[in-house]
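See structure below.
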Amino acid sequence: MKFGVVGLGSMGGAMALQALEKGHEVVGSSRSEKPELAEAGVEIVGSPEELVGALSPPRVVLLSLPAGEATEKMANALGGALAPGDVIVDGANSHWEDSKRRHAELSEKGVHFLDAGVSGVEGARRGACFMVGGDEEAFGVAEPVFRDLSVEGGYFHAGPSGAGHFTKLIHNMIEFGMVQAIGEGVEMLLASEYDLDMPALFDNWNHGSVIRSWLVGLMKRSLEEYGDDLGVLEPYVEDTGEQAWGVRYAMDRQVPIPLLAQAVWGFYESRDPERPWAKAVAALRNQYGGHPVRKKR
């Protein structure tokens, strides 16, 4: 299948390469030159119109852009260039209500819109995880892309428009809680009387223990990269805004989420100048999502 990818950064570029390996043809559009992707076989074009012109109907175009203005502008531009029956897939962490609105607006033009929550920035090169919202017909058109860009069992039609981005939000809220727990565990270990080999301990925990996981493995890698006490890092955890969406949703529906809410408050508490748990959380988020860390000067 030949499909388009707009945004060839860490996630979009990895998925483009994964698609090529699975036998797809990829037409890519990016603000910056991507010679390594062009050399690998991605057909690089400039404008949305060029991208649409390089594809045959029914066209599938995957957006791998930041949520918000960038996604809004590109969805509007593609909506004016695509034909009825074509499909736009939004792979950003967009608010699900925005996705429902875009679906309704594009439907008036006959263009399908799928909201796809995507997890696995690092894993996207070997297969990501997709939670997809939108019409069954559109999902069927784009399903070969989801199937070949995901790990086995890693794509799921969550429901109608908005369901993909909503379930990704809940996924991220759970993620915040898990990462917070690991970060607080790191702080407790560093406060102990023992001179622990921290990377070795986390490696040990990832061999047969109840808490063995990808995140525990990333914490080991972080401790190796930034030192046993993470001392080179500032305790600043980037706030992407999604956390507030989840808390507001729970408050509006009177759903008690004490653990997840505390993890969100921790984002703001991380502004404290010396909190090891915040350094651990920042390091973990850098490892699995490419979120920035602040190193001490």
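Chain labels A, B, ... are given in the sequence in which chains occur in the structure tokens; within each chain residues are numbered consecutively from 1, and ligands are likewise numbered from 1 in the order shown.
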
Among region 77-287 of chain A, which residues carry a DSSP assignment of strand (DSSP E), reported as a JSON list (two decimals) with N, CA and C atoms, in the first residue's frame?
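Heads up, here's the output in selection.json:
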[["chain", "number", "residue", "atom", "x", "y", "z"],
["A", 87, "VAL", "N", -8.66, 9.29, 3.66],
["A", 87, "VAL", "CA", -8.60, 9.16, 5.12],
["A", 87, "VAL", "C", -7.41, 9.94, 5.68],
["A", 88, "ILE", "N", -7.69, 10.79, 6.68],
["A", 88, "ILE", "CA", -6.64, 11.44, 7.47],
["A", 88, "ILE", "C", -6.57, 10.73, 8.82],
["A", 89, "VAL", "N", -5.36, 10.37, 9.24],
["A", 89, "VAL", "CA", -5.15, 9.75, 10.54],
["A", 89, "VAL", "C", -4.32, 10.72, 11.40],
["A", 90, "ASP", "N", -4.89, 11.17, 12.51],
["A", 90, "ASP", "CA", -4.18, 12.07, 13.41],
["A", 90, "ASP", "C", -3.50, 11.24, 14.50],
["A", 112, "HIS", "N", -12.67, 11.20, 5.42],
["A", 112, "HIS", "CA", -12.69, 10.49, 6.70],
["A", 112, "HIS", "C", -11.59, 11.00, 7.62],
["A", 113, "PHE", "N", -11.85, 10.93, 8.91],
["A", 113, "PHE", "CA", -10.85, 11.34, 9.91],
["A", 113, "PHE", "C", -10.81, 10.30, 11.02],
["A", 114, "LEU", "N", -9.62, 9.76, 11.27],
["A", 114, "LEU", "CA", -9.41, 8.81, 12.35],
["A", 114, "LEU", "C", -8.48, 9.44, 13.39],
["A", 115, "ASP", "N", -8.84, 9.31, 14.66],
["A", 115, "ASP", "CA", -7.95, 9.77, 15.73],
["A", 115, "ASP", "C", -7.24, 8.54, 16.29],
["A", 116, "ALA", "N", -5.92, 8.56, 16.20],
["A", 116, "ALA", "CA", -5.12, 7.40, 16.59],
["A", 116, "ALA", "C", -4.18, 7.77, 17.72],
["A", 117, "GLY", "N", -4.46, 7.24, 18.90],
["A", 117, "GLY", "CA", -3.49, 7.35, 19.98],
["A", 117, "GLY", "C", -2.35, 6.40, 19.69],
["A", 118, "VAL", "N", -1.13, 6.90, 19.74],
["A", 118, "VAL", "CA", 0.05, 6.10, 19.41],
["A", 118, "VAL", "C", 0.98, 6.05, 20.61],
["A", 119, "SER", "N", 1.35, 4.86, 21.01],
["A", 119, "SER", "CA", 2.28, 4.69, 22.12],
["A", 119, "SER", "C", 3.49, 3.91, 21.62],
["A", 128, "ALA", "N", 4.61, -0.10, 16.84],
["A", 128, "ALA", "CA", 4.02, 0.74, 17.88],
["A", 128, "ALA", "C", 2.71, 0.12, 18.37],
["A", 129, "CYS", "N", 1.98, 0.88, 19.16],
["A", 129, "CYS", "CA", 0.66, 0.48, 19.67],
["A", 129, "CYS", "C", -0.33, 1.58, 19.30],
["A", 130, "PHE", "N", -1.45, 1.19, 18.65],
["A", 130, "PHE", "CA", -2.43, 2.16, 18.17],
["A", 130, "PHE", "C", -3.79, 1.91, 18.82],
["A", 131, "MET", "N", -4.41, 3.00, 19.29],
["A", 131, "MET", "CA", -5.79, 3.00, 19.73],
["A", 131, "MET", "C", -6.53, 3.94, 18.78],
["A", 132, "VAL", "N", -7.50, 3.44, 18.02],
["A", 132, "VAL", "CA", -8.04, 4.20, 16.90],
["A", 132, "VAL", "C", -9.52, 4.49, 17.10],
["A", 133, "GLY", "N", -9.90, 5.75, 16.88],
["A", 133, "GLY", "CA", -11.30, 6.14, 16.93],
["A", 133, "GLY", "C", -11.76, 6.61, 15.56],
["A", 150, "SER", "N", 2.28, -1.76, 13.72],
["A", 150, "SER", "CA", 2.13, -2.10, 15.13],
["A", 150, "SER", "C", 2.81, -3.43, 15.44],
["A", 151, "VAL", "N", 3.05, -3.67, 16.71],
["A", 151, "VAL", "CA", 3.47, -4.99, 17.15],
["A", 151, "VAL", "C", 2.27, -5.93, 17.00],
["A", 152, "GLU", "N", 2.52, -7.22, 17.12],
["A", 152, "GLU", "CA", 1.42, -8.17, 17.00],
["A", 152, "GLU", "C", 0.37, -7.89, 18.09],
["A", 153, "GLY", "N", -0.88, -7.74, 17.68],
["A", 153, "GLY", "CA", -1.95, -7.41, 18.62],
["A", 153, "GLY", "C", -1.94, -5.97, 19.07],
["A", 154, "GLY", "N", -1.17, -5.11, 18.38],
["A", 154, "GLY", "CA", -0.95, -3.76, 18.86],
["A", 154, "GLY", "C", -1.79, -2.69, 18.21],
["A", 155, "TYR", "N", -2.88, -3.06, 17.52],
["A", 155, "TYR", "CA", -3.79, -2.02, 17.05],
["A", 155, "TYR", "C", -5.21, -2.43, 17.41],
["A", 156, "PHE", "N", -6.05, -1.41, 17.65],
["A", 156, "PHE", "CA", -7.36, -1.66, 18.25],
["A", 156, "PHE", "C", -8.32, -0.56, 17.83],
["A", 157, "HIS", "N", -9.47, -0.94, 17.24],
["A", 157, "HIS", "CA", -10.50, 0.06, 16.93],
["A", 157, "HIS", "C", -11.31, 0.31, 18.19],
["A", 158, "ALA", "N", -11.02, 1.41, 18.86],
["A", 158, "ALA", "CA", -11.59, 1.68, 20.17],
["A", 158, "ALA", "C", -13.06, 2.07, 20.12],
["A", 159, "GLY", "N", -13.51, 2.63, 18.99],
["A", 159, "GLY", "CA", -14.90, 3.07, 18.91],
["A", 159, "GLY", "C", -15.05, 4.24, 17.96]]

message = Applying 9 Å and only C-alpha atoms, which residues near region 51-63 of chain A remain after dropping the ones on its own chain fewer than 2 positions away? List them as a ChimeraX atom specification.
response = /A:2-7,12,27-29,43-49,65,71,74-75,78,81-92,141-142,145

query = For Val216 (chain A), which residue among A:Leu201, A:Val232, A:Ala14, A:Leu37 is the nearest when counting only C-alpha atoms?
reply = A:Leu201

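In this comparison, which uses only C-alpha atoms, the residue of A:Glu238, A:Glu137, A:Asp228, A:Glu187 approaching His291 (chain A) most closely is A:Glu238.
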
Where does region 68-104 of chain A meet region 164-167 of chain A within 7 Å, residue by residue, with the nearest atom pair and distance in Å to one decimal for each, counting only C-alpha atoms, listed by chain and rising number, as CSV?
residue,atom,partner,partner_atom,distance
A:Asn93,CA,A:His165,CA,6.6
A:Ser94,CA,A:His165,CA,6.4
A:His95,CA,A:His165,CA,6.6
A:Trp96,CA,A:His165,CA,5.1

message = Considering only C-alpha atoms, can you say which of A:Gly246, A:Pro66, A:Gly177, A:Gly217 comes closest to Gln262 (chain A)?
response =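 Using only C-alpha atoms, Gln262 (chain A) sits closest to A:Gly177.
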